[in-house]
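Asks: Data: upload.pdb, PDB, N, CA and C atoms.
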ATOM      1  N   MET A 293       0.828  -1.189   0.000
ATOM      2  CA  MET A 293       0.000   0.000   0.000
ATOM      3  C   MET A 293       0.865   1.242   0.000
ATOM      4  N   HIS A 294       1.935   1.195   0.750
ATOM      5  CA  HIS A 294       2.840   2.324   0.824
ATOM      6  C   HIS A 294       3.460   2.598  -0.542
ATOM      7  N   ARG A 295       3.781   1.542  -1.246
ATOM      8  CA  ARG A 295       4.383   1.674  -2.558
ATOM      9  C   ARG A 295       3.395   2.282  -3.562
ATOM     10  N   VAL A 296       2.162   1.914  -3.494
ATOM     11  CA  VAL A 296       1.132   2.456  -4.379
ATOM     12  C   VAL A 296       0.966   3.953  -4.106
ATOM     13  N   GLY A 297       1.047   4.357  -2.860
ATOM     14  CA  GLY A 297       0.943   5.769  -2.504
ATOM     15  C   GLY A 297       2.062   6.590  -3.123
ATOM     16  N   ARG A 298       3.271   6.047  -3.094
ATOM     17  CA  ARG A 298       4.404   6.768  -3.697
ATOM     18  C   ARG A 298       4.249   6.889  -5.199
ATOM     19  N   VAL A 299       3.766   5.853  -5.823
ATOM     20  CA  VAL A 299       3.568   5.884  -7.271
ATOM     21  C   VAL A 299       2.482   6.895  -7.614
ATOM     22  N   MET A 300       1.411   6.895  -6.847
ATOM     23  CA  MET A 300       0.316   7.838  -7.095
ATOM     24  C   MET A 300       0.787   9.270  -6.867
ATOM     25  N   ARG A 301       1.599   9.457  -5.856
ATOM     26  CA  ARG A 301       2.100  10.800  -5.583
ATOM     27  C   ARG A 301       2.990  11.259  -6.736
ATOM     28  N   ARG A 302       3.760  10.340  -7.294
ATOM     29  CA  ARG A 302       4.627  10.678  -8.414
ATOM     30  C   ARG A 302       3.798  11.064  -9.635
ATOM     31  N   LEU A 303       2.633  10.465  -9.782
ATOM     32  CA  LEU A 303       1.771  10.776 -10.918
ATOM     33  C   LEU A 303       1.216  12.211 -10.821
ATOM     34  N   PHE A 304       1.062  12.716  -9.619
ATOM     35  CA  PHE A 304       0.485  14.040  -9.411
ATOM     36  C   PHE A 304       1.540  15.127  -9.206
ATOM     37  N   VAL A 305       2.715  14.923  -9.746
ATOM     38  CA  VAL A 305       3.757  15.940  -9.655
ATOM     39  C   VAL A 305       3.657  16.811 -10.903
ATOM     40  N   PHE A 306       3.569  18.107 -10.700
ATOM     41  CA  PHE A 306       3.454  19.063 -11.809
ATOM     42  C   PHE A 306       4.731  19.875 -11.906
ATOM     43  N   ARG A 307       4.965  20.406 -13.070
ATOM     44  CA  ARG A 307       6.114  21.279 -13.244
ATOM     45  C   ARG A 307       5.596  22.696 -13.445
ATOM     46  N   VAL A 308       6.061  23.604 -12.606
ATOM     47  CA  VAL A 308       5.693  25.006 -12.702
ATOM     48  C   VAL A 308       6.979  25.799 -12.784
ATOM     49  N   ARG A 309       7.224  26.398 -13.944
ATOM     50  CA  ARG A 309       8.429  27.181 -14.200
ATOM     51  C   ARG A 309       9.698  26.437 -13.788
ATOM     52  N   GLY A 310       9.744  25.183 -14.170
ATOM     53  CA  GLY A 310      10.951  24.411 -13.936
ATOM     54  C   GLY A 310      11.036  23.798 -12.545
ATOM     55  N   LYS A 311      10.057  24.019 -11.688
ATOM     56  CA  LYS A 311      10.096  23.461 -10.334
ATOM     57  C   LYS A 311       8.973  22.452 -10.191
ATOM     58  N   GLU A 312       9.256  21.411  -9.485
ATOM     59  CA  GLU A 312       8.232  20.409  -9.248
ATOM     60  C   GLU A 312       7.354  20.839  -8.087
ATOM     61  N   VAL A 313       6.064  20.729  -8.299
ATOM     62  CA  VAL A 313       5.109  21.084  -7.255
ATOM     63  C   VAL A 313       4.211  19.874  -7.063
ATOM     64  N   THR A 314       4.173  19.367  -5.887
ATOM     65  CA  THR A 314       3.352  18.192  -5.631
ATOM     66  C   THR A 314       1.892  18.611  -5.514
ATOM     67  N   GLU A 315       1.022  17.624  -5.657
ATOM     68  CA  GLU A 315      -0.426  17.876  -5.548
ATOM     69  C   GLU A 315      -0.774  18.455  -4.187
ATOM     70  N   GLU A 316      -0.126  17.973  -3.140
ATOM     71  CA  GLU A 316      -0.409  18.480  -1.786
ATOM     72  C   GLU A 316      -0.092  19.965  -1.690
ATOM     73  N   ARG A 317       1.054  20.342  -2.219
ATOM     74  CA  ARG A 317       1.461  21.748  -2.139
ATOM     75  C   ARG A 317       0.532  22.616  -2.986
ATOM     76  N   ARG A 318       0.145  22.116  -4.142
ATOM     77  CA  ARG A 318      -0.733  22.884  -5.024
ATOM     78  C   ARG A 318      -2.106  23.066  -4.388
ATOM     79  N   GLN A 319      -2.616  22.091  -3.703
ATOM     80  CA  GLN A 319      -3.927  22.196  -3.080
ATOM     81  C   GLN A 319      -3.880  22.976  -1.773
ATOM     82  N   SER A 320      -2.727  23.129  -1.184
ATOM     83  CA  SER A 320      -2.643  23.797   0.112
ATOM     84  C   SER A 320      -2.831  25.309  -0.011
ATOM     85  N   GLY A 321      -2.693  25.871  -1.147
ATOM     86  CA  GLY A 321      -2.884  27.314  -1.308
ATOM     87  C   GLY A 321      -2.375  27.773  -2.649
ATOM     88  N   TRP A 322      -2.393  29.056  -2.819
ATOM     89  CA  TRP A 322      -1.941  29.658  -4.071
ATOM     90  C   TRP A 322      -0.435  29.483  -4.204
ATOM     91  N   HIS A 323      -0.052  29.230  -5.396
ATOM     92  CA  HIS A 323       1.377  29.199  -5.681
ATOM     93  C   HIS A 323       1.647  30.273  -6.716
ATOM     94  N   MET A 324       2.334  31.312  -6.301
ATOM     95  CA  MET A 324       2.635  32.401  -7.224
ATOM     96  C   MET A 324       4.140  32.584  -7.288
ATOM     97  N   SER A 325       4.601  32.767  -8.487
ATOM     98  CA  SER A 325       6.022  32.998  -8.673
ATOM     99  C   SER A 325       6.351  34.419  -8.261
ATOM    100  N   LYS A 326       7.454  34.575  -7.568
ATOM    101  CA  LYS A 326       7.854  35.904  -7.114
ATOM    102  C   LYS A 326       8.784  36.571  -8.112
ATOM    103  N   SER A 327       8.994  35.938  -9.231
ATOM    104  CA  SER A 327       9.873  36.523 -10.242
ATOM    105  C   SER A 327       9.087  37.548 -11.055
ATOM    106  N   LEU A 328       9.810  38.489 -11.632
ATOM    107  CA  LEU A 328       9.202  39.553 -12.414
ATOM    108  C   LEU A 328       9.748  39.444 -13.836
ATOM    109  N   SER A 329       8.871  39.213 -14.784
ATOM    110  CA  SER A 329       9.336  39.022 -16.156
ATOM    111  C   SER A 329       9.478  40.363 -16.868
ATOM    112  N   VAL A 330      10.317  40.353 -17.869
ATOM    113  CA  VAL A 330      10.574  41.559 -18.656
ATOM    114  C   VAL A 330       9.318  41.965 -19.416
ATOM    115  N   SER A 331       8.573  40.988 -19.903
ATOM    116  CA  SER A 331       7.350  41.314 -20.638
ATOM    117  C   SER A 331       6.333  41.999 -19.725
ATOM    118  N   HIS A 332       6.275  41.601 -18.470
ATOM    119  CA  HIS A 332       5.377  42.264 -17.525
ATOM    120  C   HIS A 332       5.809  43.713 -17.312
ATOM    121  N   LEU A 333       7.099  43.934 -17.182
ATOM    122  CA  LEU A 333       7.599  45.304 -17.019
ATOM    123  C   LEU A 333       7.266  46.160 -18.236
ATOM    124  N   PHE A 334       7.503  45.631 -19.439
ATOM    125  CA  PHE A 334       7.198  46.386 -20.655
ATOM    126  C   PHE A 334       5.699  46.650 -20.775
ATOM    127  N   GLY A 335       4.895  45.666 -20.426
ATOM    128  CA  GLY A 335       3.436  45.844 -20.482
ATOM    129  C   GLY A 335       2.965  46.918 -19.523
ATOM    130  N   THR A 336       3.478  46.890 -18.297
ATOM    131  CA  THR A 336       3.111  47.896 -17.305
ATOM    132  C   THR A 336       3.570  49.284 -17.736
ATOM    133  N   LEU A 337       4.763  49.354 -18.279
ATOM    134  CA  LEU A 337       5.288  50.633 -18.764
ATOM    135  C   LEU A 337       4.441  51.164 -19.917
ATOM    136  N   ALA A 338       4.048  50.289 -20.827
ATOM    137  CA  ALA A 338       3.219  50.704 -21.961
ATOM    138  C   ALA A 338       1.858  51.209 -21.478
ATOM    139  N   ILE A 339       1.277  50.537 -20.501
ATOM    140  CA  ILE A 339      -0.009  50.987 -19.952
ATOM    141  C   ILE A 339       0.146  52.346 -19.289
ATOM    142  N   ALA A 340       1.215  52.537 -18.532
ATOM    143  CA  ALA A 340       1.437  53.823 -17.853
ATOM    144  C   ALA A 340       1.636  54.947 -18.870
ATOM    145  N   VAL A 341       2.427  54.688 -19.908
ATOM    146  CA  VAL A 341       2.651  55.717 -20.939
ATOM    147  C   VAL A 341       1.338  56.025 -21.657
ATOM    148  N   GLY A 342       0.582  55.013 -21.976
ATOM    149  CA  GLY A 342      -0.723  55.224 -22.622
ATOM    150  C   GLY A 342      -1.665  56.027 -21.754
ATOM    151  N   PHE A 343      -1.687  55.739 -20.466
ATOM    152  CA  PHE A 343      -2.555  56.466 -19.540
ATOM    153  C   PHE A 343      -2.175  57.944 -19.479
ATOM    154  N   PHE A 344      -0.880  58.233 -19.330
ATOM    155  CA  PHE A 344      -0.449  59.629 -19.246
ATOM    156  C   PHE A 344      -0.660  60.361 -20.570
ATOM    157  N   THR A 345      -0.493  59.667 -21.680
ATOM    158  CA  THR A 345      -0.766  60.278 -22.980
ATOM    159  C   THR A 345      -2.244  60.621 -23.104
ATOM    160  N   TYR A 346      -3.100  59.711 -22.673
ATOM    161  CA  TYR A 346      -4.546  59.930 -22.727
ATOM    162  C   TYR A 346      -4.940  61.118 -21.855
ATOM    163  N   VAL A 347      -4.415  61.176 -20.634
ATOM    164  CA  VAL A 347      -4.752  62.258 -19.710
ATOM    165  C   VAL A 347      -4.234  63.594 -20.234
ATOM    166  N   SER A 348      -3.025  63.621 -20.775
ATOM    167  CA  SER A 348      -2.498  64.882 -21.312
ATOM    168  C   SER A 348      -3.300  65.314 -22.532
ATOM    169  N   GLY A 349      -3.787  64.378 -23.310
ATOM    170  CA  GLY A 349      -4.657  64.710 -24.448
ATOM    171  C   GLY A 349      -5.951  65.348 -23.984
ATOM    172  N   ILE A 350      -6.509  64.835 -22.907
ATOM    173  CA  ILE A 350      -7.733  65.418 -22.349
ATOM    174  C   ILE A 350      -7.450  66.833 -21.868
ATOM    175  N   GLU A 351      -6.314  67.043 -21.218
ATOM    176  CA  GLU A 351      -5.965  68.386 -20.733
ATOM    177  C   GLU A 351      -5.801  69.355 -21.896
ATOM    178  N   GLN A 352      -5.150  68.907 -22.969
ATOM    179  CA  GLN A 352      -4.971  69.768 -24.133
ATOM    180  C   GLN A 352      -6.319  70.109 -24.768
ATOM    181  N   ASP A 353      -7.198  69.123 -24.883
ATOM    182  CA  ASP A 353      -8.525  69.378 -25.435
ATOM    183  C   ASP A 353      -9.295  70.365 -24.569
ATOM    184  N   THR A 354      -9.139  70.267 -23.253
ATOM    185  CA  THR A 354      -9.811  71.182 -22.340
ATOM    186  C   THR A 354      -9.323  72.606 -22.541
ATOM    187  N   VAL A 355      -8.024  72.781 -22.716
ATOM    188  CA  VAL A 355      -7.462  74.119 -22.937
ATOM    189  C   VAL A 355      -7.967  74.683 -24.265
ATOM    190  N   VAL A 356      -7.971  73.855 -25.306
ATOM    191  CA  VAL A 356      -8.455  74.300 -26.615
ATOM    192  C   VAL A 356      -9.928  74.696 -26.523
ATOM    193  N   ASN A 357     -10.737  73.886 -25.849
ATOM    194  CA  ASN A 357     -12.153  74.203 -25.698
ATOM    195  C   ASN A 357     -12.356  75.492 -24.910
ATOM    196  N   ALA A 358     -11.559  75.708 -23.883
ATOM    197  CA  ALA A 358     -11.674  76.954 -23.106
ATOM    198  C   ALA A 358     -11.354  78.161 -23.974
ATOM    199  N   MET A 359     -10.334  78.053 -24.827
ATOM    200  CA  MET A 359      -9.984  79.157 -25.720
ATOM    201  C   MET A 359     -11.094  79.412 -26.738
ATOM    202  N   GLU A 360     -11.688  78.335 -27.262
ATOM    203  CA  GLU A 360     -12.783  78.491 -28.220
ATOM    204  C   GLU A 360     -14.003  79.125 -27.561
ATOM    205  N   ILE A 361     -14.296  78.743 -26.339
ATOM    206  CA  ILE A 361     -15.431  79.333 -25.617
ATOM    207  C   ILE A 361     -15.192  80.816 -25.395
ATOM    208  N   LYS A 362     -13.978  81.185 -25.022
ATOM    209  CA  LYS A 362     -13.651  82.602 -24.813
ATOM    210  C   LYS A 362     -13.809  83.377 -26.115
ATOM    211  N   SER A 363     -13.317  82.800 -27.214
ATOM    212  CA  SER A 363     -13.422  83.453 -28.508
ATOM    213  C   SER A 363     -14.883  83.635 -28.911
ATOM    214  N   LEU A 364     -15.694  82.600 -28.711
ATOM    215  CA  LEU A 364     -17.117  82.688 -29.057
ATOM    216  C   LEU A 364     -17.845  83.726 -28.207
ATOM    217  N   SER A 365     -17.518  83.795 -26.931
ATOM    218  CA  SER A 365     -18.194  84.783 -26.075
ATOM    219  C   SER A 365     -17.805  86.197 -26.476
ATOM    220  N   GLU A 366     -16.537  86.412 -26.885
ATOM    221  CA  GLU A 366     -16.121  87.731 -27.368
ATOM    222  C   GLU A 366     -16.845  88.082 -28.664
ATOM    223  N   ARG A 367     -16.990  87.106 -29.557
ATOM    224  CA  ARG A 367     -17.716  87.335 -30.801
ATOM    225  C   ARG A 367     -19.170  87.692 -30.537
ATOM    226  N   MET A 368     -19.781  86.970 -29.615
ATOM    227  CA  MET A 368     -21.180  87.251 -29.282
ATOM    228  C   MET A 368     -21.327  88.648 -28.696
ATOM    229  N   GLU A 369     -20.391  89.055 -27.871
ATOM    230  CA  GLU A 369     -20.445  90.395 -27.281
ATOM    231  C   GLU A 369     -20.320  91.464 -28.364
ATOM    232  N   ARG A 370     -19.391  91.265 -29.295
ATOM    233  CA  ARG A 370     -19.243  92.225 -30.399
ATOM    234  C   ARG A 370     -20.508  92.267 -31.251
ATOM    235  N   SER A 371     -21.078  91.100 -31.501
ATOM    236  CA  SER A 371     -22.305  91.032 -32.300
ATOM    237  C   SER A 371     -23.453  91.743 -31.583
ATOM    238  N   ASP A 372     -23.570  91.535 -30.272
ATOM    239  CA  ASP A 372     -24.619  92.220 -29.502
ATOM    240  C   ASP A 372     -24.437  93.731 -29.556
ATOM    241  N   ASN A 373     -23.194  94.195 -29.422
ATOM    242  CA  ASN A 373     -22.931  95.634 -29.501
ATOM    243  C   ASN A 373     -23.301  96.181 -30.875
ATOM    244  N   ARG A 374     -22.906  95.455 -31.937
ATOM    245  CA  ARG A 374     -23.209  95.892 -33.300
ATOM    246  C   ARG A 374     -24.711  95.915 -33.534
ATOM    247  N   ASN A 375     -25.414  94.882 -33.057
ATOM    248  CA  ASN A 375     -26.870  94.832 -33.206
ATOM    249  C   ASN A 375     -27.535  95.972 -32.450
ATOM    250  N   GLY A 376     -27.023  96.265 -31.263
ATOM    251  CA  GLY A 376     -27.576  97.380 -30.490
ATOM    252  C   GLY A 376     -27.427  98.700 -31.228
ATOM    253  N   GLU A 377     -26.261  98.914 -31.843
ATOM    254  CA  GLU A 377     -26.040 100.138 -32.625
ATOM    255  C   GLU A 377     -26.972 100.181 -33.830
ATOM    256  N   GLN A 378     -27.140  99.062 -34.507
ATOM    257  CA  GLN A 378     -28.017  99.019 -35.681
ATOM    258  C   GLN A 378     -29.471  99.272 -35.279
ATOM    259  N   PHE A 379     -29.892  98.702 -34.169
ATOM    260  CA  PHE A 379     -31.268  98.935 -33.719
ATOM    261  C   PHE A 379     -31.495 100.393 -33.339
ATOM    262  N   SER A 380     -30.476 101.016 -32.742
ATOM    263  CA  SER A 380     -30.639 102.433 -32.400
ATOM    264  C   SER A 380     -30.705 103.285 -33.661
ATOM    265  N   GLU A 381     -29.936 102.921 -34.700
ATOM    266  CA  GLU A 381     -30.020 103.637 -35.970
ATOM    267  C   GLU A 381     -31.400 103.457 -36.597
ATOM    268  N   ILE A 382     -31.907 102.223 -36.560
ATOM    269  CA  ILE A 382     -33.241 101.952 -37.109
ATOM    270  C   ILE A 382     -34.297 102.745 -36.336
ATOM    271  N   LYS A 383     -34.155 102.786 -35.036
ATOM    272  CA  LYS A 383     -35.106 103.538 -34.213
ATOM    273  C   LYS A 383     -35.068 105.019 -34.571
ATOM    274  N   THR A 384     -33.881 105.564 -34.751
ATOM    275  CA  THR A 384     -33.741 106.976 -35.134
ATOM    276  C   THR A 384     -34.390 107.223 -36.490
ATOM    277  N   MET A 385     -34.163 106.316 -37.442
ATOM    278  CA  MET A 385     -34.755 106.470 -38.767
ATOM    279  C   MET A 385     -36.281 106.383 -38.687
ATOM    280  N   LEU A 386     -36.815 105.482 -37.875
ATOM    281  CA  LEU A 386     -38.277 105.373 -37.718
ATOM    282  C   LEU A 386     -38.857 106.628 -37.075
ATOM    283  N   GLU A 387     -38.135 107.204 -36.140
ATOM    284  CA  GLU A 387     -38.599 108.445 -35.520
ATOM    285  C   GLU A 387     -38.639 109.571 -36.548
ATOM    286  N   LYS A 388     -37.643 109.642 -37.415
ATOM    287  CA  LYS A 388     -37.615 110.656 -38.473
ATOM    288  C   LYS A 388     -38.796 110.460 -39.423
ATOM    289  N   ILE A 389     -39.051 109.195 -39.812
ATOM    290  CA  ILE A 389     -40.175 108.901 -40.699
ATOM    291  C   ILE A 389     -41.481 109.286 -40.029
ATOM    292  N   SER A 390     -41.600 108.968 -38.747
ATOM    293  CA  SER A 390     -42.805 109.319 -38.006
ATOM    294  C   SER A 390     -42.978 110.833 -37.952
ATOM    295  N   ASP A 391     -41.923 111.578 -37.722
ATOM    296  CA  ASP A 391     -41.995 113.046 -37.691
ATOM    297  C   ASP A 391     -42.417 113.584 -39.055
ATOM    298  N   ARG A 392     -41.878 113.041 -40.120
ATOM    299  CA  ARG A 392     -42.245 113.502 -41.463
ATOM    300  C   ARG A 392     -43.709 113.210 -41.761
ATOM    301  N   LEU A 393     -44.159 112.003 -41.363
ATOM    302  CA  LEU A 393     -45.572 111.678 -41.570
ATOM    303  C   LEU A 393     -46.471 112.618 -40.769
ATOM    304  N   ASN A 394     -46.064 112.943 -39.556
ATOM    305  CA  ASN A 394     -46.849 113.878 -38.734
ATOM    306  C   ASN A 394     -46.888 115.261 -39.375
ATOM    307  N   SER A 395     -45.759 115.708 -39.897
ATOM    308  CA  SER A 395     -45.735 117.027 -40.524
ATOM    309  C   SER A 395     -46.573 117.042 -41.797
ATOM    310  N   LEU A 396     -46.542 115.934 -42.566
ATOM    311  CA  LEU A 396     -47.391 115.859 -43.767
ATOM    312  C   LEU A 396     -48.873 115.858 -43.404
ATOM    313  N   SER A 397     -49.219 115.111 -42.370
ATOM    314  CA  SER A 397     -50.627 115.069 -41.968
ATOM    315  C   SER A 397     -51.070 116.431 -41.427
ATOM    316  N   MET A 398     -50.170 117.175 -40.795
ATOM    317  CA  MET A 398     -50.510 118.510 -40.295
ATOM    318  C   MET A 398     -50.726 119.465 -41.470
ATOM    319  N   ARG A 399     -49.944 119.345 -42.531
ATOM    320  CA  ARG A 399     -50.112 120.188 -43.711
ATOM    321  C   ARG A 399     -51.440 119.924 -44.383
ATOM    322  N   GLU A 400     -51.787 118.632 -44.488
ATOM    323  CA  GLU A 400     -53.063 118.275 -45.120
ATOM    324  C   GLU A 400     -54.224 118.830 -44.323
ATOM    325  N   ARG A 401     -54.128 118.825 -43.024
ATOM    326  CA  ARG A 401     -55.209 119.346 -42.187
ATOM    327  C   ARG A 401     -55.320 120.865 -42.358
ATOM    328  N   ARG A 402     -54.178 121.525 -42.484
ATOM    329  CA  ARG A 402     -54.223 122.977 -42.666
ATOM    330  C   ARG A 402     -54.815 123.337 -44.037
ATOM    331  N   ASP A 403     -54.515 122.516 -45.012
ATOM    332  CA  ASP A 403     -54.999 122.813 -46.362
ATOM    333  C   ASP A 403     -56.491 122.555 -46.486
ATOM    334  N   LEU A 404     -57.038 121.789 -45.682
ATOM    335  CA  LEU A 404     -58.472 121.511 -45.775
ATOM    336  C   LEU A 404     -59.237 122.609 -45.197
TER     337      LEU A 404
END
Spit out the file's structure as structure tokens when you get a sec.

Replies:
Amino acid sequence: MHRVGRVMRRLFVFRVRGKEVTEERRQSGWHMSKSLSVSHLFGTLAIAVGFFTYVSGIEQDTVVNAMEIKSLSERMERSDNRNGEQFSEIKTMLEKISDRLNSLSMRERRDL
């Protein structure tokens, strides 16, 4: 029986990164390698560079949008000022027309 146990134990030996891990050890808990691979470092570095590039792109877009908003608000202010001047000119012209119509109607009344 003892011999069968050893044979069975030998059947359940696994190789993990060049090391033998018995079934008992594998079932007793997590087995994680403490080594750090170069591909993991490059992957982490690539993710970090991508993240900072993305964030800096958002910041640049925010600055551009702020400048465009400022430009649009200045344009709107100039347009409002120009419209106000045009409306005052139109109002002055309408007042002149109204005065002329009043003077014409006064002449017609005098002539009658």

Asks: Would you work out the distance separating atom C of A:Arg392 from atom N of A:Gln378, expressed in Å to one decimal?

Replies: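 Pair atom C of A:Arg392 / atom N of A:Gln378 returns 23.0 Å.
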
Asks: For a test of reading the model, state the distance in Å between atom N of A:Leu328 and atom N of A:Phe344, rounded to one decimal.

Replies: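 One can read the atom N of A:Leu328 to atom N of A:Phe344 distance as 23.7 Å.
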
Asks: Give me, please, the distance in Å between atom N of A:Val356 and atom C of A:Ala338, quoted to one decimal.

Replies: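 Separation of atom N of A:Val356 and atom C of A:Ala338: 25.0 Å.
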